[in-house]
$ cat input30.cif   # mmCIF, C-alpha atoms and all ligand atoms
data_entry
#
loop_
_atom_site.label_atom_id
_atom_site.label_comp_id
_atom_site.auth_asym_id
_atom_site.auth_seq_id
_atom_site.Cartn_x
_atom_site.Cartn_y
_atom_site.Cartn_z
CA MET G 97 25.78 38.58 -27.50
CA ALA G 98 23.39 37.45 -30.18
CA LEU G 99 21.79 34.16 -29.31
CA ARG G 100 20.66 32.27 -32.35
CA VAL G 101 18.14 29.58 -31.67
CA SER G 102 16.14 27.84 -34.36
CA THR G 103 12.44 28.73 -34.12
CA ALA G 104 11.69 25.46 -35.88
CA ARG G 105 13.19 23.51 -33.02
CA TYR G 106 12.14 25.85 -30.22
CA PRO G 107 8.91 27.46 -31.48
CA GLU G 108 8.09 28.78 -28.00
CA ILE G 109 10.74 31.52 -28.37
CA MET G 110 8.61 33.17 -31.10
CA SER G 111 7.22 36.36 -29.59
CA ASN G 112 3.60 35.57 -30.49
CA TYR G 113 3.75 31.86 -29.64
CA ILE G 114 0.64 30.52 -27.90
CA PRO G 115 1.57 27.62 -25.58
CA TYR G 116 -0.79 24.68 -24.92
CA GLY G 117 -0.92 25.42 -21.20
CA ARG G 118 0.57 27.75 -18.64
CA GLN G 119 0.20 28.88 -15.05
CA ASP G 120 -1.40 32.13 -13.88
CA ILE G 121 0.37 33.81 -10.94
CA ASN G 122 -1.15 37.04 -9.56
CA GLN G 123 0.03 39.54 -6.95
CA ALA G 124 -1.82 37.75 -4.13
CA ASP G 125 0.02 34.52 -5.03
CA ILE G 126 3.36 36.36 -4.94
CA ASP G 127 2.57 38.13 -1.65
CA THR G 128 1.64 34.82 0.00
CA VAL G 129 4.92 33.25 -1.05
CA VAL G 130 6.96 36.26 0.10
CA GLU G 131 5.26 36.11 3.49
CA VAL G 132 6.50 32.52 3.94
CA LEU G 133 10.01 33.48 2.80
CA ARG G 134 10.10 36.07 5.59
CA SER G 135 8.71 33.65 8.19
CA ASP G 136 10.50 31.07 10.38
CA TRP G 137 9.37 28.13 8.31
CA ILE G 138 10.19 27.50 4.67
CA THR G 139 9.61 23.77 5.03
CA GLN G 140 7.84 21.50 7.57
CA GLY G 141 5.93 24.52 8.87
CA PRO G 142 2.26 25.51 9.17
CA ALA G 143 1.67 26.37 5.49
CA ILE G 144 1.58 22.66 4.63
CA GLU G 145 -1.33 21.87 6.91
CA ARG G 146 -3.22 24.97 5.77
CA PHE G 147 -2.91 23.86 2.14
CA GLU G 148 -3.90 20.28 3.00
CA GLN G 149 -6.94 21.47 4.92
CA ALA G 150 -8.01 23.82 2.13
CA ILE G 151 -8.02 20.96 -0.38
CA ALA G 152 -9.57 18.36 1.94
CA GLN G 153 -12.36 20.80 2.73
CA TYR G 154 -12.94 21.76 -0.91
CA CYS G 155 -13.11 18.10 -1.96
CA ASN G 156 -15.00 16.91 1.10
CA ALA G 157 -12.32 14.35 1.99
CA LYS G 158 -11.25 13.61 5.58
CA TYR G 159 -7.48 13.67 5.05
CA ALA G 160 -4.97 15.22 2.64
CA VAL G 161 -1.20 14.70 2.40
CA ALA G 162 0.89 17.22 0.42
CA VAL G 163 3.96 15.81 -1.36
CA SER G 164 6.65 16.93 -3.80
CA SER G 165 4.86 15.77 -6.99
CA ALA G 166 1.95 13.66 -8.21
CA THR G 167 4.53 11.04 -9.17
CA ALA G 168 5.60 10.84 -5.50
CA ALA G 169 1.92 10.82 -4.52
CA LEU G 170 1.18 7.85 -6.79
CA HIS G 171 4.23 6.00 -5.48
CA ILE G 172 3.35 6.23 -1.78
CA ALA G 173 -0.37 5.74 -2.49
CA CYS G 174 0.54 2.39 -4.10
CA LEU G 175 2.76 1.49 -1.13
CA ALA G 176 0.00 2.46 1.32
CA ALA G 177 -2.38 0.21 -0.64
CA GLY G 178 0.08 -2.61 0.05
CA LEU G 179 1.23 -3.00 -3.55
CA ALA G 180 4.41 -5.10 -3.65
CA THR G 181 6.36 -7.67 -5.64
CA GLY G 182 4.03 -10.28 -7.10
CA ASP G 183 1.05 -7.88 -7.22
CA ILE G 184 -0.55 -6.40 -10.32
CA LEU G 185 -1.58 -2.81 -11.09
CA TRP G 186 -3.86 -1.79 -13.98
CA THR G 187 -4.24 1.66 -15.48
CA SER G 188 -5.14 3.38 -18.74
CA PRO G 189 -2.61 3.47 -21.60
CA ASN G 190 -3.80 7.02 -22.38
CA THR G 191 -1.94 8.77 -19.57
CA PHE G 192 1.39 10.19 -18.53
CA VAL G 193 3.93 7.44 -17.79
CA ALA G 194 3.81 8.23 -14.04
CA SER G 195 0.38 6.52 -13.65
CA ALA G 196 2.02 3.20 -14.62
CA ASN G 197 5.57 3.69 -13.31
CA CYS G 198 4.30 3.87 -9.71
CA GLY G 199 3.43 0.17 -9.95
CA LEU G 200 6.92 -0.69 -11.16
CA TYR G 201 8.49 1.33 -8.30
CA CYS G 202 6.74 -1.06 -5.90
CA GLY G 203 7.98 -4.15 -7.73
CA ALA G 204 4.49 -4.92 -9.04
CA LYS G 205 3.56 -5.89 -12.60
CA VAL G 206 1.72 -3.29 -14.67
CA ASP G 207 -0.99 -3.92 -17.23
CA PHE G 208 -3.44 -1.68 -19.08
CA VAL G 209 -7.14 -1.45 -19.89
CA ASP G 210 -8.00 0.08 -23.27
CA ILE G 211 -9.87 3.38 -23.54
CA ASP G 212 -13.46 4.34 -24.26
CA VAL G 213 -13.90 5.80 -27.77
CA ASN G 214 -15.89 8.77 -26.49
CA THR G 215 -14.29 9.86 -23.22
CA TYR G 216 -10.71 8.56 -23.81
CA ASN G 217 -10.89 7.34 -20.19
CA LEU G 218 -10.44 3.70 -19.29
CA SER G 219 -13.35 1.76 -20.84
CA ILE G 220 -15.75 0.15 -18.36
CA LYS G 221 -16.63 -2.59 -20.86
CA ALA G 222 -12.93 -3.39 -21.42
CA LEU G 223 -12.38 -3.37 -17.64
CA GLU G 224 -15.29 -5.80 -17.08
CA ASN G 225 -14.04 -8.16 -19.78
CA LYS G 226 -10.47 -8.09 -18.60
CA LEU G 227 -11.48 -8.69 -14.95
CA ALA G 228 -13.60 -11.70 -15.96
CA TRP G 229 -10.64 -13.09 -17.91
CA ALA G 230 -8.14 -12.32 -15.09
CA ALA G 231 -10.33 -14.02 -12.48
CA LYS G 232 -10.11 -17.25 -14.50
CA ALA G 233 -6.42 -16.81 -15.32
CA GLY G 234 -5.57 -16.03 -11.67
CA CYS G 235 -4.04 -12.63 -12.35
CA LEU G 236 -6.46 -10.10 -10.87
CA PRO G 237 -5.07 -6.63 -10.06
CA LYS G 238 -4.54 -5.47 -6.48
CA VAL G 239 -4.79 -1.82 -7.52
CA VAL G 240 -6.56 -0.09 -10.43
CA ILE G 241 -5.68 3.53 -11.27
CA PRO G 242 -8.43 5.23 -13.29
CA VAL G 243 -7.11 8.47 -14.83
CA HIS G 244 -9.60 11.35 -15.19
CA PHE G 245 -8.35 12.28 -18.63
CA ALA G 246 -8.43 15.98 -19.57
CA GLY G 247 -10.34 16.69 -16.35
CA GLN G 248 -13.39 14.50 -17.02
CA SER G 249 -14.06 11.95 -14.26
CA CYS G 250 -14.17 8.25 -15.03
CA GLU G 251 -17.41 6.38 -14.27
CA MET G 252 -16.38 5.84 -10.66
CA LYS G 253 -19.60 4.24 -9.46
CA LYS G 254 -19.21 1.40 -11.97
CA ILE G 255 -15.51 0.96 -11.23
CA ALA G 256 -16.27 0.86 -7.48
CA ALA G 257 -18.93 -1.84 -8.05
CA LEU G 258 -16.34 -3.92 -9.93
CA SER G 259 -13.81 -3.35 -7.13
CA GLN G 260 -16.30 -4.95 -4.69
CA GLN G 261 -16.82 -7.92 -6.98
CA TYR G 262 -13.15 -8.51 -7.80
CA ASN G 263 -11.56 -7.15 -4.64
CA PHE G 264 -9.14 -4.50 -5.87
CA GLN G 265 -8.31 -1.06 -4.48
CA ILE G 266 -8.82 2.16 -6.44
CA ILE G 267 -6.42 5.09 -6.62
CA GLU G 268 -7.84 7.91 -8.76
CA ASP G 269 -5.21 9.74 -10.79
CA ALA G 270 -6.94 13.12 -10.78
CA SER G 271 -3.83 15.05 -11.88
CA HIS G 272 -6.05 16.78 -14.48
CA ALA G 273 -9.19 17.03 -12.42
CA ILE G 274 -8.99 19.26 -9.35
CA GLY G 275 -12.12 21.44 -9.52
CA ALA G 276 -14.01 18.87 -11.62
CA LYS G 277 -17.22 17.14 -10.51
CA TYR G 278 -18.66 13.64 -10.72
CA GLN G 279 -22.38 13.19 -9.99
CA SER G 280 -22.39 16.83 -8.81
CA LYS G 281 -19.71 16.23 -6.16
CA PRO G 282 -16.08 17.41 -6.27
CA VAL G 283 -13.52 14.94 -7.60
CA GLY G 284 -11.25 14.07 -4.67
CA GLY G 285 -13.95 13.16 -2.12
CA CYS G 286 -12.90 9.49 -2.44
CA GLU G 287 -16.51 8.29 -2.25
CA PHE G 288 -15.69 5.56 -4.77
CA SER G 289 -11.98 5.05 -4.13
CA GLU G 290 -9.36 4.46 -1.45
CA MET G 291 -7.27 7.47 -2.47
CA THR G 292 -7.19 10.32 -5.00
CA VAL G 293 -4.06 12.04 -6.33
CA PHE G 294 -3.69 15.62 -7.65
CA SER G 295 -0.75 17.26 -9.49
CA PHE G 296 0.29 20.91 -9.17
CA HIS G 297 2.73 21.05 -12.09
CA PRO G 298 2.45 24.46 -13.83
CA VAL G 299 0.40 23.14 -16.78
CA LYS G 300 -2.24 21.68 -14.43
CA ILE G 301 -5.29 23.52 -13.03
CA ILE G 302 -3.56 25.06 -9.99
CA THR G 303 0.19 25.08 -9.37
CA THR G 304 2.85 24.96 -6.68
CA GLY G 305 5.73 24.77 -9.20
CA GLU G 306 6.17 21.08 -8.51
CA GLY G 307 3.80 19.37 -6.13
CA GLY G 308 1.13 16.78 -5.51
CA MET G 309 -1.44 15.68 -2.97
CA ILE G 310 -3.14 12.47 -1.85
CA LEU G 311 -6.66 12.50 -0.41
CA THR G 312 -8.31 9.71 1.55
CA ASN G 313 -11.10 9.09 4.04
CA GLN G 314 -9.25 6.26 5.82
CA GLU G 315 -7.23 7.15 8.90
CA LYS G 316 -4.96 4.12 8.54
CA LEU G 317 -3.95 5.09 5.01
CA TYR G 318 -3.47 8.70 6.09
CA LYS G 319 -1.05 7.75 8.87
CA LYS G 320 0.88 5.47 6.54
CA LEU G 321 1.14 8.19 3.88
CA ILE G 322 2.41 10.73 6.42
CA ARG G 323 5.18 8.31 7.45
CA LEU G 324 6.14 7.32 3.90
CA ARG G 325 6.43 10.99 2.93
CA SER G 326 9.20 11.47 5.50
CA HIS G 327 11.58 8.47 5.66
CA GLY G 328 9.19 6.14 7.50
CA ILE G 329 10.06 8.09 10.65
CA THR G 330 7.73 8.88 13.57
CA LYS G 331 8.16 11.14 16.61
CA ASN G 332 4.92 9.93 18.16
CA PRO G 333 5.79 7.82 21.29
CA ASP G 334 2.49 5.89 20.94
CA LEU G 335 3.69 4.44 17.63
CA MET G 336 7.20 3.53 18.83
CA GLN G 337 8.55 0.12 19.72
CA GLY G 338 9.58 0.32 23.37
CA GLU G 339 10.08 3.54 25.30
CA SER G 340 11.04 6.92 23.88
CA HIS G 341 14.58 7.91 24.91
CA GLY G 342 13.60 11.56 25.31
CA ALA G 343 12.52 14.71 23.56
CA TRP G 344 15.03 14.28 20.71
CA TYR G 345 13.97 10.74 19.93
CA TYR G 346 12.45 9.40 16.72
CA GLN G 347 12.14 5.94 15.22
CA GLN G 348 12.23 4.73 11.65
CA LEU G 349 9.49 2.12 11.41
CA GLU G 350 9.59 1.41 7.68
CA LEU G 351 11.42 2.47 4.53
CA GLY G 352 10.11 5.88 3.45
CA PHE G 353 11.33 8.80 1.34
CA ASN G 354 11.81 12.53 1.38
CA TYR G 355 8.73 13.43 -0.66
CA ARG G 356 7.91 16.55 1.37
CA MET G 357 6.49 19.72 -0.14
CA THR G 358 8.05 23.01 1.07
CA ASP G 359 6.03 25.71 2.84
CA ILE G 360 6.96 28.03 -0.03
CA GLN G 361 5.11 25.75 -2.43
CA ALA G 362 2.21 25.10 -0.05
CA ALA G 363 1.65 28.85 0.40
CA LEU G 364 1.44 29.28 -3.36
CA GLY G 365 -0.95 26.33 -3.46
CA SER G 366 -3.27 27.83 -0.82
CA SER G 367 -3.36 31.11 -2.68
CA GLN G 368 -4.06 29.31 -5.97
CA MET G 369 -6.87 27.33 -4.25
CA ASN G 370 -8.66 30.64 -3.62
CA ARG G 371 -8.75 31.02 -7.41
CA LEU G 372 -9.63 27.43 -8.34
CA ASP G 373 -13.30 28.04 -9.19
CA GLU G 374 -12.38 31.07 -11.28
CA PHE G 375 -9.73 29.01 -13.12
CA VAL G 376 -12.17 26.20 -13.90
CA GLU G 377 -14.98 28.57 -14.97
CA ARG G 378 -12.65 30.27 -17.42
CA ARG G 379 -11.50 26.91 -18.83
CA GLN G 380 -15.14 25.79 -19.20
CA PHE G 381 -15.99 29.02 -20.99
CA LEU G 382 -13.05 28.65 -23.40
CA ALA G 383 -13.87 24.98 -24.05
CA HIS G 384 -17.49 25.82 -24.90
CA ARG G 385 -16.25 28.59 -27.16
CA TYR G 386 -13.93 26.13 -28.95
CA ASN G 387 -16.94 23.81 -29.38
CA GLU G 388 -18.82 26.57 -31.18
CA LEU G 389 -15.94 27.88 -33.26
CA LEU G 390 -14.82 24.42 -34.41
CA GLN G 391 -18.19 22.76 -35.03
CA TYR G 392 -18.05 22.86 -38.85
CA LEU G 393 -14.47 21.58 -39.23
CA PRO G 394 -13.66 17.89 -39.98
CA LEU G 395 -12.97 17.13 -36.32
CA THR G 396 -14.35 15.08 -33.45
CA LEU G 397 -14.85 17.48 -30.54
CA PRO G 398 -14.55 16.38 -26.89
CA TRP G 399 -17.60 14.37 -25.76
CA GLN G 400 -18.86 14.96 -22.24
CA ASP G 401 -20.55 12.38 -20.01
CA PRO G 402 -23.62 14.13 -18.49
CA GLU G 403 -22.66 12.74 -15.04
CA THR G 404 -19.45 14.78 -15.09
CA GLU G 405 -18.34 18.42 -15.09
CA SER G 406 -14.83 18.61 -16.46
CA SER G 407 -12.15 20.93 -15.13
CA TRP G 408 -10.94 21.14 -18.76
CA HIS G 409 -7.23 20.59 -18.20
CA LEU G 410 -7.03 19.73 -21.91
CA TYR G 411 -9.10 20.46 -25.00
CA VAL G 412 -8.46 17.51 -27.34
CA ILE G 413 -9.70 17.33 -30.93
CA ARG G 414 -9.50 14.27 -33.20
CA LEU G 415 -8.88 14.78 -36.89
CA LYS G 416 -11.33 13.07 -39.27
CA LEU G 417 -8.47 11.95 -41.49
CA ASP G 418 -10.74 10.53 -44.22
CA LYS G 419 -12.04 14.09 -44.76
CA ILE G 420 -8.63 15.83 -44.75
CA SER G 421 -5.96 15.72 -47.46
CA LYS G 422 -3.09 16.09 -44.95
CA THR G 423 -1.62 13.69 -42.43
CA HIS G 424 -1.99 14.08 -38.67
CA ARG G 425 1.70 14.89 -38.41
CA GLN G 426 1.47 17.55 -41.15
CA VAL G 427 -1.44 19.28 -39.42
CA PHE G 428 0.39 19.18 -36.08
CA GLU G 429 3.67 20.54 -37.46
CA GLU G 430 1.99 23.28 -39.51
CA LEU G 431 0.20 24.45 -36.36
CA ARG G 432 3.50 24.56 -34.45
CA GLN G 433 5.13 26.50 -37.32
CA ALA G 434 2.23 28.94 -37.21
CA GLY G 435 3.03 29.66 -33.54
CA ILE G 436 0.26 27.52 -32.07
CA GLY G 437 1.65 25.40 -29.23
CA VAL G 438 -0.36 22.27 -29.84
CA ASN G 439 0.57 19.09 -27.99
CA LEU G 440 -0.37 15.41 -27.98
CA HIS G 441 -1.78 13.71 -24.90
CA TYR G 442 -0.83 10.89 -24.79
CA ILE G 443 1.58 8.56 -26.52
CA PRO G 444 0.10 5.21 -25.34
CA VAL G 445 2.29 4.19 -22.40
CA HIS G 446 2.60 0.56 -23.53
CA THR G 447 4.27 1.70 -26.79
CA GLN G 448 7.16 3.37 -24.92
CA PRO G 449 10.45 1.52 -25.48
CA TYR G 450 10.75 0.78 -21.75
CA TYR G 451 7.31 -0.87 -21.71
CA GLN G 452 8.01 -2.73 -24.96
CA LYS G 453 10.99 -4.28 -23.18
CA LEU G 454 8.54 -5.50 -20.53
CA GLY G 455 6.66 -7.36 -23.27
CA PHE G 456 3.97 -4.98 -24.52
CA LYS G 457 3.47 -4.65 -28.29
CA ALA G 458 1.90 -2.18 -30.67
CA GLY G 459 -1.63 -3.48 -31.23
CA ASP G 460 -2.20 -4.48 -27.59
CA PHE G 461 -4.61 -1.60 -26.88
CA PRO G 462 -5.98 -0.61 -30.28
CA GLN G 463 -8.39 2.16 -29.22
CA SER G 464 -5.62 4.10 -27.48
CA GLU G 465 -3.37 3.63 -30.51
CA GLN G 466 -6.06 4.74 -32.98
CA TYR G 467 -6.74 7.77 -30.78
CA TYR G 468 -3.01 8.61 -30.80
CA GLN G 469 -3.04 8.70 -34.63
CA GLU G 470 -5.69 11.45 -34.64
CA ALA G 471 -5.53 13.50 -31.42
CA ILE G 472 -4.25 17.05 -30.94
CA SER G 473 -4.45 19.14 -27.74
CA LEU G 474 -5.23 22.79 -28.50
CA PRO G 475 -4.01 25.65 -26.27
CA LEU G 476 -6.22 25.99 -23.19
CA TYR G 477 -5.34 27.91 -20.04
CA TYR G 478 -6.76 30.59 -17.76
CA GLY G 479 -4.91 33.49 -19.42
CA LEU G 480 -5.77 32.55 -23.04
CA ASN G 481 -7.71 35.52 -24.43
CA ALA G 482 -10.46 35.61 -27.04
CA ASP G 483 -8.12 36.95 -29.75
CA GLU G 484 -5.58 34.22 -29.18
CA GLN G 485 -8.28 31.58 -29.21
CA GLU G 486 -9.58 32.92 -32.54
CA GLN G 487 -6.03 32.80 -33.91
CA VAL G 488 -5.84 29.12 -32.99
CA VAL G 489 -9.14 28.43 -34.74
CA THR G 490 -8.29 30.49 -37.85
CA LYS G 491 -4.89 28.85 -38.29
CA LEU G 492 -6.35 25.38 -37.76
CA ALA G 493 -9.17 26.02 -40.25
CA GLY G 494 -6.62 27.33 -42.78
CA ILE G 495 -4.45 24.24 -42.43
CA LEU G 496 -7.36 21.81 -42.71
C1 LIG G 501 1.11 15.45 -14.67
C2 LIG G 501 0.64 14.07 -14.45
C3 LIG G 501 1.25 13.19 -13.54
C4 LIG G 501 2.53 13.52 -12.84
O1 LIG G 501 2.46 14.70 -12.15
P1 LIG G 501 3.78 15.35 -11.51
O2 LIG G 501 3.23 16.27 -10.47
O3 LIG G 501 4.47 16.07 -12.63
O4 LIG G 501 4.62 14.27 -10.94
C5 LIG G 501 0.67 11.96 -13.33
N1 LIG G 501 -0.44 11.57 -14.00
C6 LIG G 501 -1.02 12.37 -14.89
C7 LIG G 501 -2.26 11.89 -15.58
C8 LIG G 501 -0.50 13.63 -15.16
O5 LIG G 501 -1.08 14.41 -16.08
#

$ encode --input "input30.cif" --output "structure tokens"
Amino acid sequence: MALRVSTARYPEIMSNYIPYGRQDINQADIDTVVEVLRSDWITQGPAIERFEQAIAQYCNAKYAVAVSSATAALHIACLAAGLATGDILWTSPNTFVASANCGLYCGAKVDFVDIDVNTYNLSIKALENKLAWAAKAGCLPKVVIPVHFAGQSCEMKKIAALSQQYNFQIIEDASHAIGAKYQSKPVGGCEFSEMTVFSFHPVKIITTGEGGMILTNQEKLYKKLIRLRSHGITKNPDLMQGESHGAWYYQQLELGFNYRMTDIQAALGSSQMNRLDEFVERRQFLAHRYNELLQYLPLTLPWQDPETESSWHLYVIRLKLDKISKTHRQVFEELRQAGIGVNLHYIPVHTQPYYQKLGFKAGDFPQSEQYYQEAISLPLYYGLNADEQEQVVTKLAGIL
């Protein structure tokens, strides 16, 4: 049966289409997953702890909790931080909606801090100003979620200093940034935060299909996260109210969820962890190559803070629209039509209809909105080869 699908609407079905991101699964990854499928445990087994330990060790964090997605991770991290009705959470508008939605799940109010013009991360100056204002207005945040956009760490030392002064907790959304470094140390060590969250969606640096992880150095948070991941239930008699009834007994101590990762996913994650450095090195190499190949085009290339080493989840260019005769949308659509799977990260969260209903307006965070008018994410992933990368550059140069 002939299947007719419009290549205009679904460009990814073109045979030579270059996507913006994709996973890399090798034979070792497959073998590790098959081994778990043949074992006694496909969930709640030993592969989970192995994966957690591999990441905790890599990041130099004391504890790690694997969950079903980074969205789930952000949700229970907020709950563990004590975020509840009447509290306030701040994050960057230049992120995936999940970094803000987690606050709403907890009944808290969400607000944003505009981005830095160079890094596209939350601006430290804007954060300082907004905290000073909020202290007077009596609406300081309980939790701030800095997002390490594209894999480049935020200025965590400065954010941590402000958290001391204004008494908020920090949850790093490092969905883009496993394998990245800040001040020469791995992102995820939680030196400047309460908790750090990773995502293992297939477009991210390593994958488990769907999956996420929370890291922390605080035992109390760790124990709370473990409970929240699995219905708020404990089998540990020491934590129970009254006596255990016997070997079958468990108690639900609070309202939790089923946010567990399966052993099938965790096994894939452990195998992918063995390849993390190789993945990041390749992304760094391709990003530097883009920098060279694109340097003479009317574009702003990604700026790097010397205190950071990005994991290069995304390679984002900004069009210098005053030097181009086409619109941003034209350039984007012509690239898609040419088989280049460009994308746009991100639509400012506060401009989403759902957030507009909460009272946010266009114009509230002008730097993130200006950025959105000009930004394009070019294809960048481990398996992108030199030829494909040159195709991207040639097509882009032709269009500009
Ligand atoms: C991908 C992503 C998430 C959500 O991750 P999932 O694992 O898909 O739930 C959250 N925040 C950011 C910044 C992301 O890029």

$ residues_near_ligand --input "input30.cif" --ligand "ligand LIG 501 (chain G)" --cutoff "7 Å" --atoms "only C-alpha atoms and all ligand atoms" --output "PyMOL selection string"
chain G and resi 165-168+191-192+194-195+243+245+269-272+295-297+306-308

$ write_last_selection --input "input30.cif" --atoms "C-alpha atoms" --output "PDB file, keeping the file's coordinate frame"
ATOM      1  CA  SER G 165       4.860  15.770  -6.990  1.00  0.00           C
ATOM      2  CA  ALA G 166       1.950  13.660  -8.210  1.00  0.00           C
ATOM      3  CA  THR G 167       4.530  11.040  -9.170  1.00  0.00           C
ATOM      4  CA  ALA G 168       5.600  10.840  -5.500  1.00  0.00           C
ATOM      5  CA  THR G 191      -1.940   8.770 -19.570  1.00  0.00           C
ATOM      6  CA  PHE G 192       1.390  10.190 -18.530  1.00  0.00           C
ATOM      7  CA  ALA G 194       3.810   8.230 -14.040  1.00  0.00           C
ATOM      8  CA  SER G 195       0.380   6.520 -13.650  1.00  0.00           C
ATOM      9  CA  VAL G 243      -7.110   8.470 -14.830  1.00  0.00           C
ATOM     10  CA  PHE G 245      -8.350  12.280 -18.630  1.00  0.00           C
ATOM     11  CA  ASP G 269      -5.210   9.740 -10.790  1.00  0.00           C
ATOM     12  CA  ALA G 270      -6.940  13.120 -10.780  1.00  0.00           C
ATOM     13  CA  SER G 271      -3.830  15.050 -11.880  1.00  0.00           C
ATOM     14  CA  HIS G 272      -6.050  16.780 -14.480  1.00  0.00           C
ATOM     15  CA  SER G 295      -0.750  17.260  -9.490  1.00  0.00           C
ATOM     16  CA  PHE G 296       0.290  20.910  -9.170  1.00  0.00           C
ATOM     17  CA  HIS G 297       2.730  21.050 -12.090  1.00  0.00           C
ATOM     18  CA  GLU G 306       6.170  21.080  -8.510  1.00  0.00           C
ATOM     19  CA  GLY G 307       3.800  19.370  -6.130  1.00  0.00           C
ATOM     20  CA  GLY G 308       1.130  16.780  -5.510  1.00  0.00           C
TER      21      GLY G 308
END

$ residues_around --input "input30.cif" --residues "range 393-401 of chain G" --least-positions-apart "2" --cutoff "6 Å" --atoms "only C-alpha atoms" --output "list in words"
Asn214, Leu390, Gln391, Glu403, Thr404, Ile413, Arg414, Leu415 and Lys416 of chain G

$ closest_residue --input "input30.cif" --among "G:Ser164, G:Ser249, G:Thr312, G:Ser340" --to "Arg356 in chain G" --atoms "only C-alpha atoms"
G:Ser164

$ closest_residue --input "input30.cif" --among "G:Leu440, G:Leu317, G:Ala177, G:Ile267" --to "Val161 in chain G" --atoms "only C-alpha atoms"
G:Leu317

$ residues_around --input "input30.cif" --residues "Leu454 in chain G" --least-positions-apart "6" --cutoff "12 Å" --atoms "all atoms listed in the file" --output "list in words"
Leu200, Lys205, Val206, Asp207, Val445, His446, Thr447 and Gln448 of chain G

$ atom_distance --input "input30.cif" --atom1 "CA of Val293 in chain G" --atom2 "CA of Ala228 in chain G"
27.3 Å

$ closest_residue --input "input30.cif" --among "G:Arg146, G:Lys221, G:His409, G:Lys158" --to "Cys286 in chain G" --atoms "only C-alpha atoms"
G:Lys158

$ atom_distance --input "input30.cif" --atom1 "CA of Arg425 in chain G" --atom2 "CA of Gly494 in chain G"
15.6 Å

$ closest_residue --input "input30.cif" --among "G:Gln485, G:Asn225, G:Asn112, G:Gln140" --to "Tyr386 in chain G" --atoms "only C-alpha atoms"
G:Gln485

$ residues_around --input "input30.cif" --residues "Thr292 in chain G" --least-positions-apart "4" --cutoff "6 Å" --atoms "only C-alpha atoms" --output "list in words"
Ile267, Glu268, Gly284, Ile310 and Leu311 of chain G

$ atom_distance --input "input30.cif" --atom1 "CA of Val239 in chain G" --atom2 "CA of Gly285 in chain G"
18.4 Å

$ residues_around --input "input30.cif" --residues "Pro462 in chain G" --least-positions-apart "2" --cutoff "12 Å" --atoms "all atoms listed in the file" --output "MDAnalysis selection string"
chainID G and resid 189:190 208:213 222 444 446:447 457:460 464:469

$ residues_around --input "input30.cif" --residues "Gly437 in chain G" --least-positions-apart "5" --cutoff "9 Å" --atoms "all atoms listed in the file" --output "list of chain:residue names"
G:Pro107, G:Glu108, G:Tyr113, G:Ile114, G:Pro115, G:Tyr116, G:Gly117, G:Leu431, G:Arg432, G:Ser473, G:Leu474, G:Pro475

$ closest_residue --input "input30.cif" --among "G:Arg385, G:Pro298, G:Leu492, G:Phe461" --to "Gly435 in chain G" --atoms "all atoms listed in the file"
G:Leu492

$ closest_residue --input "input30.cif" --among "G:Asp359, G:Arg118, G:Ile436, G:Tyr477" --to "Pro142 in chain G" --atoms "only C-alpha atoms"
G:Asp359

$ residues_near_point --input "input30.cif" --point "(-9.1, 31.5, -14.9)" --cutoff "10 Å" --atoms "all atoms listed in the file" --output "MDAnalysis selection string"
chainID G and resid 119:120 301:302 371:382 477:480
